[in-house]
Amino acid sequence: MTSAKWPLRKRRPGVPALALLTCSVIVLPCQAQQTAPADAAAPAAASSAAADSQDTVTEELIQMLQKHNALSKEDAEALIGKLRKRSSQAQAAAPTQASPAAAAVPAATAASEAAAPKKPGGDVRVIYIPESEKQRIRDEVKQEVLATAKAENWAQPFAMPEWTRRITLGGDILFRQEFDFYDHGNYPFVNYYAINTGSPYDVSLSDGNTVPPPLLNTTRMRELPRLRARLDMLAKVSDDLDVGLRLATGNDTNPVVTDQTFPPDSNRLNFSLDRAYLNYRPLSGLSIWAGRSPNPWMSTNMVWDDDLNFDGLAVQYRFDAGSGLKPFVTVGAFSVENTSYNLSSNGFNNGRSRDKWLYGAQLGADWKFREGVTASGAVAYYYFDKISGKLSSPCAPVTDTVVCSTDDSRPLFMQKGNTLFALRNPALTSQPNAPDFQYFGLASPFRELDALLRLDVRLQGKLHWIVEGDYVNNLAFGAGRIAKLGPVTNLNILNDQYVGGDSGYHLLMQVGYPSIGEIGEWNVLGGYKRIESDAVLDAFTDSTFHVGGTNAKGYYIQSNIGFTHNAWLDARWFSATEVSGPPLAVDVLQVDLNARF
C-alpha cells in the first residue's frame, strides 16, 4: 500500500485531518482483509507476525504525527514505549499459549507454500487484525492527540484564549442637550464650594475688602451640550469571586456627575476609573463588595444620586423565607473624605487626622404575593461620622495663608442647600474690622433614617405599573443648636432668622416597560420631591433636580421610547423652587440619546 503523504503547511493540522490520517493507516488495510480461517488453532507465528506488523505501522504513524508537530516529542515517546512493551509481553506469552499441534502448523504451512506454484503477478497476503484491537489503537491515538490539541489550543485554530471567556465587556453612551432656565427674580447665592476648595474668603467689612465672593449663576439661562461614556468589565475570577471595573467620563471633583459638558476649546474629555471592586460570594445568598463599588442600598436619588459609587466595604445577605418573601440585610462602611496626609503643609505642627466615614445598615424584603405583583420595602439608617464642621480654637485669620485648627472639617465637595457656618474663631484679632478669611462647614450632623416602599404590577405582557414612595428624616438635626452657630445660609430674607428643616419625601409613578431594549418599547413617569435643607447630605443627592442639592421642592416628568435595539430617546422636564429662604426657582429640560452595548 502506498503510504499517505502529509501536506506541508505552516498551520498545525486540526483533529479531523489527524483522524483521517489515523484511519487511513489502520482501517484501509482491513478493507482488503479476507475472512479469518475457521480453524480455531491459528498459527501462533502468524498471530505474532500480525501483532508485530500492526505495532510497526502504529509506531510509524506516531512518529509521523510527532514529525509534523501534531504530537509533542514526550507524548510520542510515551506511546511508542507502550507499544514496544505490549509487543514484548505478547512475544513472551506466545510459547506458553501454543499447543504442540499448533506448533507444527507453521512448518507445514511454509512447506505447502514453497511447493505451490506461484500465480502470475504474485499473491497478496493480508494479515487479520481483530476489530477490538483496531478500536483500542484508534482510541489511544485519538486521546493523545486531543489532549495535546487542547493543551496547545490548536484543535480550534480560531478559538479565543481561555481567559477571555471569563471576561464580559459592556457599556453605554449618552449624548445630552440640556437647558437650565432660571427665574429672573432669584437671589444671588455664594459659591461656598469654590471657597472651600480654594483660598479662604474675607467676610469682614474692612476698608480694603472690595472683592466680591464667588457666586453661583442663578439668573441666566444656560444651554449645555453634554456627553457620557462608560465602559464596564466584569471578570469571573472563580465561581464565587468576580472583579468589576468601569471607566467613565466626568471629572475628579464631582462624585455624582459622569456626563461632561463639551469643553469650550474642543479639547478632549476626561475618562477615568469610576469603579474597581471585588464581589465575593462565599455562601449562597451572601455577597461581599470591597473597593469602589456600585450602590448597595435599595434607595431613590433623593438620598443617593444614580451616578454615585461607594468607597469601602459592604455585606449583604438575602434568603428565601417562603411564600414569595425574600428578606435581605445590608451593612456597610465607606470612606467619605480623608484628611490630607501633610495637613497643614504650611505649618510647623500637623493637625490630627479627621477622616469622615459613612456607616449604614438596611433591612428590607421583596415580596411576590401573587403572580405579576411584587412589593419591596426597606428601612435604612445612615450615620455620617465627623461630617459636621467644628468651630476652631481662637486664631487670627488676617490673611488667606493663615491655617486654623479645624479647617479640615470643611466639606471639600458640596452642591447647595445644607446649612453652613464660618469655621474660624477670630478671637485673637484685636481690631474690630480686621480681615477675617473664612472657610465654611456643615452646621448639622447627619443621622439619616430612610424608609422606602415600592409596588410593581405587571399589567399586560411586559408592561408594568410602578409606584414608589421614599421618606427621610435627619435624626441629628437641631434647629436651636444650629442657630447658635450663626449660620450663613437658609436665612429668612426679612429678618435673618434660621429657617432650615430636617425631612424630605419623594413620590414616583411609572407606566410602560421597566427597561427599554427594543424598538417601540416605551415608558412615561412622573414624580414630586420635597427636600428640606438638612434632610440629607446635599453632596450626594440628585444632581439634576433644582440643579443639584437640597432645600428644593417641585415635580418632574419623563418619557422614553426605543428607536432600535438597545437604543432609546429620553426627554425629561424638572421644575423646582426653594423650600425656604431666598428665592431660587429653576426649570431643567434634558433631551438624551442613549445607546447600550
# chains A, B, ... in the order shown; residues from 1 in each chain; ligands from 1
call {"tool": "closest_atom_pairs", "arguments": {"of": "stretch 429-524 of chain A", "to": "stretch 546-554 of chain A", "cutoff": "9 Å", "atoms": "only C-alpha atoms", "output": "JSON lines"}}
result
{"residue": "A:Asn490", "atom": "CA", "partner": "A:Asn551", "partner_atom": "CA", "distance": 8.4}
{"residue": "A:Gly500", "atom": "CA", "partner": "A:Asn551", "partner_atom": "CA", "distance": 8.0}
{"residue": "A:Gly501", "atom": "CA", "partner": "A:Asn551", "partner_atom": "CA", "distance": 8.2}
call {"tool": "write_last_selection", "arguments": {"atoms": "C-alpha atoms", "output": "PDB file, in the first residue's frame"}}
result
ATOM      1  CA  ASN A 490     -31.042  79.216  54.857  1.00  0.00           C
ATOM      2  CA  GLY A 500     -33.866  75.183  57.687  1.00  0.00           C
ATOM      3  CA  GLY A 501     -35.540  71.776  58.017  1.00  0.00           C
TER       4      GLY A 501
END
call {"tool": "residues_around", "arguments": {"residues": "stretch 478-481 of chain A", "least_positions_apart": "4", "cutoff": "9 Å", "atoms": "only C-alpha atoms", "output": "ChimeraX atom specification"}}
result
/A:443-445,485,498-502
call {"tool": "write_last_selection", "arguments": {"atoms": "all heavy atoms", "output": "PDB file, in the first residue's frame"}}
result
ATOM      1  N   ALA A 443     -23.357  72.852  59.358  1.00  0.00           N
ATOM      2  CA  ALA A 443     -23.837  73.192  60.697  1.00  0.00           C
ATOM      3  C   ALA A 443     -24.499  72.012  61.386  1.00  0.00           C
ATOM      4  O   ALA A 443     -24.540  71.961  62.619  1.00  0.00           O
ATOM      5  CB  ALA A 443     -24.805  74.370  60.615  1.00  0.00           C
ATOM      6  N   SER A 444     -25.042  71.075  60.626  1.00  0.00           N
ATOM      7  CA  SER A 444     -25.784  69.961  61.226  1.00  0.00           C
ATOM      8  C   SER A 444     -25.032  68.654  61.067  1.00  0.00           C
ATOM      9  O   SER A 444     -24.441  68.388  60.012  1.00  0.00           O
ATOM     10  CB  SER A 444     -27.154  69.836  60.563  1.00  0.00           C
ATOM     11  OG  SER A 444     -27.852  68.700  61.059  1.00  0.00           O
ATOM     12  N   PRO A 445     -25.065  67.804  62.082  1.00  0.00           N
ATOM     13  CA  PRO A 445     -24.654  66.406  61.881  1.00  0.00           C
ATOM     14  C   PRO A 445     -25.715  65.704  61.031  1.00  0.00           C
ATOM     15  O   PRO A 445     -26.825  66.227  60.844  1.00  0.00           O
ATOM     16  CB  PRO A 445     -24.594  65.826  63.298  1.00  0.00           C
ATOM     17  CG  PRO A 445     -24.715  67.001  64.217  1.00  0.00           C
ATOM     18  CD  PRO A 445     -25.434  68.067  63.468  1.00  0.00           C
ATOM     19  N   LEU A 485     -24.854  78.720  66.162  1.00  0.00           N
ATOM     20  CA  LEU A 485     -23.581  78.748  65.437  1.00  0.00           C
ATOM     21  C   LEU A 485     -23.450  79.956  64.517  1.00  0.00           C
ATOM     22  O   LEU A 485     -22.367  80.228  63.998  1.00  0.00           O
ATOM     23  CB  LEU A 485     -23.430  77.467  64.604  1.00  0.00           C
ATOM     24  CG  LEU A 485     -23.237  76.163  65.374  1.00  0.00           C
ATOM     25  CD1 LEU A 485     -23.266  74.971  64.414  1.00  0.00           C
ATOM     26  CD2 LEU A 485     -21.916  76.186  66.147  1.00  0.00           C
ATOM     27  N   TYR A 498     -33.088  81.746  61.138  1.00  0.00           N
ATOM     28  CA  TYR A 498     -32.807  80.456  60.505  1.00  0.00           C
ATOM     29  C   TYR A 498     -34.114  79.721  60.206  1.00  0.00           C
ATOM     30  O   TYR A 498     -34.993  79.609  61.072  1.00  0.00           O
ATOM     31  CB  TYR A 498     -31.928  79.606  61.426  1.00  0.00           C
ATOM     32  CG  TYR A 498     -31.672  78.222  60.873  1.00  0.00           C
ATOM     33  CD1 TYR A 498     -31.010  78.052  59.660  1.00  0.00           C
ATOM     34  CD2 TYR A 498     -32.098  77.088  61.553  1.00  0.00           C
ATOM     35  CE1 TYR A 498     -30.778  76.788  59.142  1.00  0.00           C
ATOM     36  CE2 TYR A 498     -31.874  75.821  61.046  1.00  0.00           C
ATOM     37  CZ  TYR A 498     -31.219  75.678  59.839  1.00  0.00           C
ATOM     38  OH  TYR A 498     -30.991  74.434  59.319  1.00  0.00           O
ATOM     39  N   VAL A 499     -34.241  79.182  58.971  1.00  0.00           N
ATOM     40  CA  VAL A 499     -35.493  78.546  58.552  1.00  0.00           C
ATOM     41  C   VAL A 499     -35.246  77.175  57.912  1.00  0.00           C
ATOM     42  O   VAL A 499     -36.048  76.701  57.099  1.00  0.00           O
ATOM     43  CB  VAL A 499     -36.256  79.453  57.560  1.00  0.00           C
ATOM     44  CG1 VAL A 499     -36.824  80.664  58.268  1.00  0.00           C
ATOM     45  CG2 VAL A 499     -35.362  79.872  56.385  1.00  0.00           C
ATOM     46  N   GLY A 500     -34.174  76.500  58.263  1.00  0.00           N
ATOM     47  CA  GLY A 500     -33.866  75.183  57.687  1.00  0.00           C
ATOM     48  C   GLY A 500     -34.776  74.089  58.228  1.00  0.00           C
ATOM     49  O   GLY A 500     -35.517  74.287  59.191  1.00  0.00           O
ATOM     50  N   GLY A 501     -34.709  72.902  57.604  1.00  0.00           N
ATOM     51  CA  GLY A 501     -35.540  71.776  58.017  1.00  0.00           C
ATOM     52  C   GLY A 501     -34.804  70.456  57.929  1.00  0.00           C
ATOM     53  O   GLY A 501     -33.672  70.376  57.443  1.00  0.00           O
ATOM     54  N   ASP A 502     -35.486  69.369  58.378  1.00  0.00           N
ATOM     55  CA  ASP A 502     -34.795  68.100  58.571  1.00  0.00           C
ATOM     56  C   ASP A 502     -35.392  66.912  57.839  1.00  0.00           C
ATOM     57  O   ASP A 502     -34.939  65.776  58.022  1.00  0.00           O
ATOM     58  CB  ASP A 502     -34.756  67.763  60.066  1.00  0.00           C
ATOM     59  CG  ASP A 502     -36.153  67.576  60.658  1.00  0.00           C
ATOM     60  OD1 ASP A 502     -37.156  67.815  59.932  1.00  0.00           O
ATOM     61  OD2 ASP A 502     -36.256  67.194  61.834  1.00  0.00           O
TER      62      ASP A 502
END
call {"tool": "closest_residue", "arguments": {"among": "A:Arg138, A:Ala378, A:Met233, A:Ser132", "to": "A:Arg166", "atoms": "only C-alpha atoms"}}
result
A:Met233
call {"tool": "residues_around", "arguments": {"residues": "stretch 505-509 of chain A", "least_positions_apart": "5", "cutoff": "8 Å", "atoms": "only C-alpha atoms", "output": "ChimeraX atom specification"}}
result
/A:302,465-472,525-531
call {"tool": "select_by_dssp", "arguments": {"residues": "stretch 329-499 of chain A", "states": "strand (DSSP E or B)", "output": "ChimeraX atom specification"}}
result
/A:329-337,356-370,373-385,394,420-422,425,437-438,440-442,447-460,463-474,491,498
call {"tool": "residues_around", "arguments": {"residues": "stretch 259-269 of chain A", "least_positions_apart": "2", "cutoff": "7 Å", "atoms": "only C-alpha atoms", "output": "JSON, numbers by chain"}}
result
{"A": [224, 225, 226, 227, 228, 249, 250, 257, 271]}
call {"tool": "write_last_selection", "arguments": {"atoms": "all heavy atoms", "output": "JSON list (two decimals), in the first residue's frame"}}
result
[["chain", "number", "residue", "atom", "x", "y", "z"],
["A", 224, "LEU", "N", -26.36, 73.46, 27.62],
["A", 224, "LEU", "CA", -25.19, 72.62, 27.89],
["A", 224, "LEU", "C", -25.21, 71.37, 27.02],
["A", 224, "LEU", "O", -25.99, 70.45, 27.27],
["A", 224, "LEU", "CB", -25.16, 72.21, 29.37],
["A", 224, "LEU", "CG", -25.24, 73.35, 30.40],
["A", 224, "LEU", "CD1", -25.44, 72.78, 31.79],
["A", 224, "LEU", "CD2", -24.00, 74.20, 30.35],
["A", 225, "PRO", "N", -24.36, 71.28, 25.99],
["A", 225, "PRO", "CA", -24.20, 70.02, 25.26],
["A", 225, "PRO", "C", -23.28, 69.09, 26.05],
["A", 225, "PRO", "O", -22.17, 69.47, 26.42],
["A", 225, "PRO", "CB", -23.56, 70.46, 23.94],
["A", 225, "PRO", "CG", -22.84, 71.72, 24.27],
["A", 225, "PRO", "CD", -23.58, 72.38, 25.39],
["A", 226, "ARG", "N", -23.75, 67.89, 26.32],
["A", 226, "ARG", "CA", -23.00, 67.00, 27.22],
["A", 226, "ARG", "C", -22.88, 65.60, 26.63],
["A", 226, "ARG", "O", -23.68, 65.18, 25.77],
["A", 226, "ARG", "CB", -23.68, 66.93, 28.59],
["A", 226, "ARG", "CG", -23.55, 68.21, 29.39],
["A", 226, "ARG", "CD", -24.16, 68.10, 30.77],
["A", 226, "ARG", "NE", -23.70, 69.18, 31.63],
["A", 226, "ARG", "CZ", -24.08, 69.34, 32.90],
["A", 226, "ARG", "NH1", -24.95, 68.50, 33.43],
["A", 226, "ARG", "NH2", -23.61, 70.33, 33.62],
["A", 227, "LEU", "N", -21.88, 64.89, 27.15],
["A", 227, "LEU", "CA", -21.63, 63.52, 26.71],
["A", 227, "LEU", "C", -21.26, 62.67, 27.92],
["A", 227, "LEU", "O", -20.54, 63.12, 28.82],
["A", 227, "LEU", "CB", -20.48, 63.47, 25.69],
["A", 227, "LEU", "CG", -20.14, 62.08, 25.14],
["A", 227, "LEU", "CD1", -21.23, 61.64, 24.15],
["A", 227, "LEU", "CD2", -18.78, 62.09, 24.44],
["A", 228, "ARG", "N", -21.78, 61.45, 27.92],
["A", 228, "ARG", "CA", -21.38, 60.47, 28.93],
["A", 228, "ARG", "C", -21.00, 59.18, 28.22],
["A", 228, "ARG", "O", -21.75, 58.69, 27.37],
["A", 228, "ARG", "CB", -22.51, 60.19, 29.93],
["A", 228, "ARG", "CG", -22.10, 59.21, 31.04],
["A", 228, "ARG", "CD", -23.28, 58.85, 31.91],
["A", 228, "ARG", "NE", -24.21, 57.97, 31.22],
["A", 228, "ARG", "CZ", -25.45, 57.70, 31.66],
["A", 228, "ARG", "NH1", -25.89, 58.27, 32.76],
["A", 228, "ARG", "NH2", -26.24, 56.90, 30.97],
["A", 249, "THR", "N", -16.60, 58.96, 31.79],
["A", 249, "THR", "CA", -16.32, 60.38, 31.68],
["A", 249, "THR", "C", -16.67, 61.07, 32.99],
["A", 249, "THR", "O", -17.22, 60.47, 33.90],
["A", 249, "THR", "CB", -17.12, 60.99, 30.52],
["A", 249, "THR", "OG1", -18.50, 60.59, 30.65],
["A", 249, "THR", "CG2", -16.60, 60.53, 29.18],
["A", 250, "GLY", "N", -16.39, 62.37, 33.06],
["A", 250, "GLY", "CA", -16.61, 63.12, 34.28],
["A", 250, "GLY", "C", -15.32, 63.78, 34.72],
["A", 250, "GLY", "O", -14.37, 63.91, 33.94],
["A", 257, "VAL", "N", -21.65, 63.17, 39.12],
["A", 257, "VAL", "CA", -21.89, 63.50, 37.72],
["A", 257, "VAL", "C", -20.85, 62.79, 36.85],
["A", 257, "VAL", "O", -19.65, 62.95, 37.06],
["A", 257, "VAL", "CB", -21.80, 65.02, 37.47],
["A", 257, "VAL", "CG1", -21.91, 65.32, 35.97],
["A", 257, "VAL", "CG2", -22.91, 65.76, 38.21],
["A", 271, "PHE", "N", -11.57, 60.77, 30.99],
["A", 271, "PHE", "CA", -12.06, 59.38, 31.06],
["A", 271, "PHE", "C", -11.24, 58.70, 32.14],
["A", 271, "PHE", "O", -10.04, 58.50, 31.99],
["A", 271, "PHE", "CB", -11.85, 58.69, 29.70],
["A", 271, "PHE", "CG", -12.73, 57.49, 29.50],
["A", 271, "PHE", "CD1", -14.11, 57.58, 29.58],
["A", 271, "PHE", "CD2", -12.18, 56.25, 29.21],
["A", 271, "PHE", "CE1", -14.92, 56.48, 29.38],
["A", 271, "PHE", "CE2", -12.97, 55.14, 29.00],
["A", 271, "PHE", "CZ", -14.35, 55.26, 29.08]]
call {"tool": "residues_around", "arguments": {"residues": "A:Gly360", "least_positions_apart": "4", "cutoff": "8 Å", "atoms": "only C-alpha atoms", "output": "list of chain:residue names"}}
result
A:Val331, A:Gly332, A:Ala333, A:Ala380, A:Tyr381, A:Tyr382, A:Tyr383
call {"tool": "residues_around", "arguments": {"residues": "stretch 305-321 of chain A", "least_positions_apart": "6", "cutoff": "9 Å", "atoms": "only C-alpha atoms", "output": "ChimeraX atom specification"}}
result
/A:255-258,274-275,284-296,327-336,365,540-543
call {"tool": "write_last_selection", "arguments": {"atoms": "N, CA and C atoms", "output": "short mmCIF file (atom, residue, chain, number, x, y, z; two decimals), in the first residue's frame"}}
result
data_model
loop_
_atom_site.label_atom_id
_atom_site.label_comp_id
_atom_site.auth_asym_id
_atom_site.auth_seq_id
_atom_site.Cartn_x
_atom_site.Cartn_y
_atom_site.Cartn_z
N PRO A 255 -18.38 63.67 42.50
CA PRO A 255 -18.67 62.24 42.54
C PRO A 255 -20.04 61.84 42.04
N VAL A 256 -20.92 62.82 41.74
CA VAL A 256 -22.30 62.48 41.38
C VAL A 256 -22.63 62.83 39.92
N VAL A 257 -21.65 63.17 39.12
CA VAL A 257 -21.89 63.50 37.72
C VAL A 257 -20.85 62.79 36.85
N THR A 258 -21.33 61.98 35.89
CA THR A 258 -20.43 61.34 34.93
C THR A 258 -20.61 61.90 33.53
N ASP A 274 -13.99 54.77 37.32
CA ASP A 274 -15.23 55.07 38.03
C ASP A 274 -15.56 53.99 39.06
N ARG A 275 -15.22 52.74 38.75
CA ARG A 275 -15.44 51.63 39.68
C ARG A 275 -14.26 50.67 39.63
N SER A 284 -24.29 30.79 49.74
CA SER A 284 -25.50 31.09 48.97
C SER A 284 -26.25 32.25 49.63
N GLY A 285 -26.50 33.30 48.86
CA GLY A 285 -27.23 34.46 49.37
C GLY A 285 -26.36 35.52 49.99
N LEU A 286 -25.06 35.24 50.24
CA LEU A 286 -24.16 36.18 50.89
C LEU A 286 -23.25 36.81 49.85
N SER A 287 -23.23 38.16 49.80
CA SER A 287 -22.37 38.89 48.87
C SER A 287 -21.56 39.92 49.64
N ILE A 288 -20.28 40.03 49.28
CA ILE A 288 -19.37 40.99 49.91
C ILE A 288 -18.74 41.83 48.80
N TRP A 289 -18.88 43.16 48.91
CA TRP A 289 -18.24 44.08 47.97
C TRP A 289 -17.12 44.81 48.68
N ALA A 290 -15.97 44.94 48.02
CA ALA A 290 -14.85 45.68 48.57
C ALA A 290 -14.21 46.49 47.44
N GLY A 291 -13.92 47.76 47.74
CA GLY A 291 -13.33 48.64 46.74
C GLY A 291 -14.26 49.79 46.45
N ARG A 292 -14.20 50.27 45.21
CA ARG A 292 -15.12 51.32 44.76
C ARG A 292 -16.25 50.64 44.01
N SER A 293 -17.37 50.44 44.68
CA SER A 293 -18.41 49.55 44.20
C SER A 293 -19.71 50.29 43.94
N PRO A 294 -20.67 49.64 43.23
CA PRO A 294 -21.97 50.27 42.99
C PRO A 294 -22.75 50.44 44.29
N ASN A 295 -23.82 51.22 44.21
CA ASN A 295 -24.68 51.47 45.36
C ASN A 295 -25.27 50.15 45.89
N PRO A 296 -24.98 49.77 47.14
CA PRO A 296 -25.51 48.51 47.67
C PRO A 296 -26.90 48.64 48.30
N PRO A 327 -36.38 38.25 52.33
CA PRO A 327 -35.77 39.32 53.12
C PRO A 327 -34.29 39.50 52.78
N PHE A 328 -33.76 40.67 53.13
CA PHE A 328 -32.33 40.93 52.98
C PHE A 328 -31.88 41.92 54.04
N VAL A 329 -30.60 41.86 54.34
CA VAL A 329 -29.98 42.81 55.25
C VAL A 329 -28.65 43.24 54.65
N THR A 330 -28.36 44.54 54.73
CA THR A 330 -27.14 45.10 54.15
C THR A 330 -26.48 45.99 55.19
N VAL A 331 -25.17 45.85 55.34
CA VAL A 331 -24.39 46.74 56.19
C VAL A 331 -23.17 47.19 55.40
N GLY A 332 -22.67 48.38 55.74
CA GLY A 332 -21.52 48.89 55.01
C GLY A 332 -20.78 49.98 55.76
N ALA A 333 -19.52 50.14 55.41
CA ALA A 333 -18.67 51.21 55.95
C ALA A 333 -17.89 51.80 54.78
N PHE A 334 -18.03 53.15 54.59
CA PHE A 334 -17.47 53.77 53.40
C PHE A 334 -16.74 55.06 53.77
N SER A 335 -15.63 55.27 53.11
CA SER A 335 -14.88 56.49 53.28
C SER A 335 -15.56 57.63 52.54
N VAL A 336 -15.78 58.75 53.22
CA VAL A 336 -16.38 59.93 52.60
C VAL A 336 -15.31 60.96 52.27
N ALA A 365 -37.09 43.69 52.26
CA ALA A 365 -37.60 42.44 51.70
C ALA A 365 -38.29 42.71 50.38
N PHE A 540 -24.57 64.34 48.00
CA PHE A 540 -24.83 63.03 47.40
C PHE A 540 -26.25 62.87 46.84
N THR A 541 -27.09 63.89 46.96
CA THR A 541 -28.43 63.79 46.42
C THR A 541 -28.43 64.05 44.92
N ASP A 542 -29.60 63.93 44.28
CA ASP A 542 -29.75 64.08 42.83
C ASP A 542 -29.12 65.38 42.34
N SER A 543 -28.30 65.27 41.27
CA SER A 543 -27.58 66.43 40.75
C SER A 543 -28.36 67.19 39.68
#
call {"tool": "residues_around", "arguments": {"residues": "A:Val190", "least_positions_apart": "2", "cutoff": "12 Å", "atoms": "only C-alpha atoms", "output": "PyMOL selection string"}}
result
chain A and resi 187-188+192-196+201+203+212-218+415-417+420+440+488-490+582
call {"tool": "atom_distance", "arguments": {"atom1": "atom CA of A:Glu371", "atom2": "atom CA of A:Leu453"}}
result
18.9 Å
call {"tool": "atom_distance", "arguments": {"atom1": "atom CA of A:Val379", "atom2": "atom CA of A:Ala451"}}
result
4.5 Å
call {"tool": "atom_distance", "arguments": {"atom1": "atom CA of A:Lys67", "atom2": "atom CA of A:Glu162"}}
result
27.3 Å
call {"tool": "closest_residue", "arguments": {"among": "A:Ala539, A:Met160, A:Asp385, A:Gly581", "to": "A:Ile493", "atoms": "only C-alpha atoms"}}
result
A:Gly581
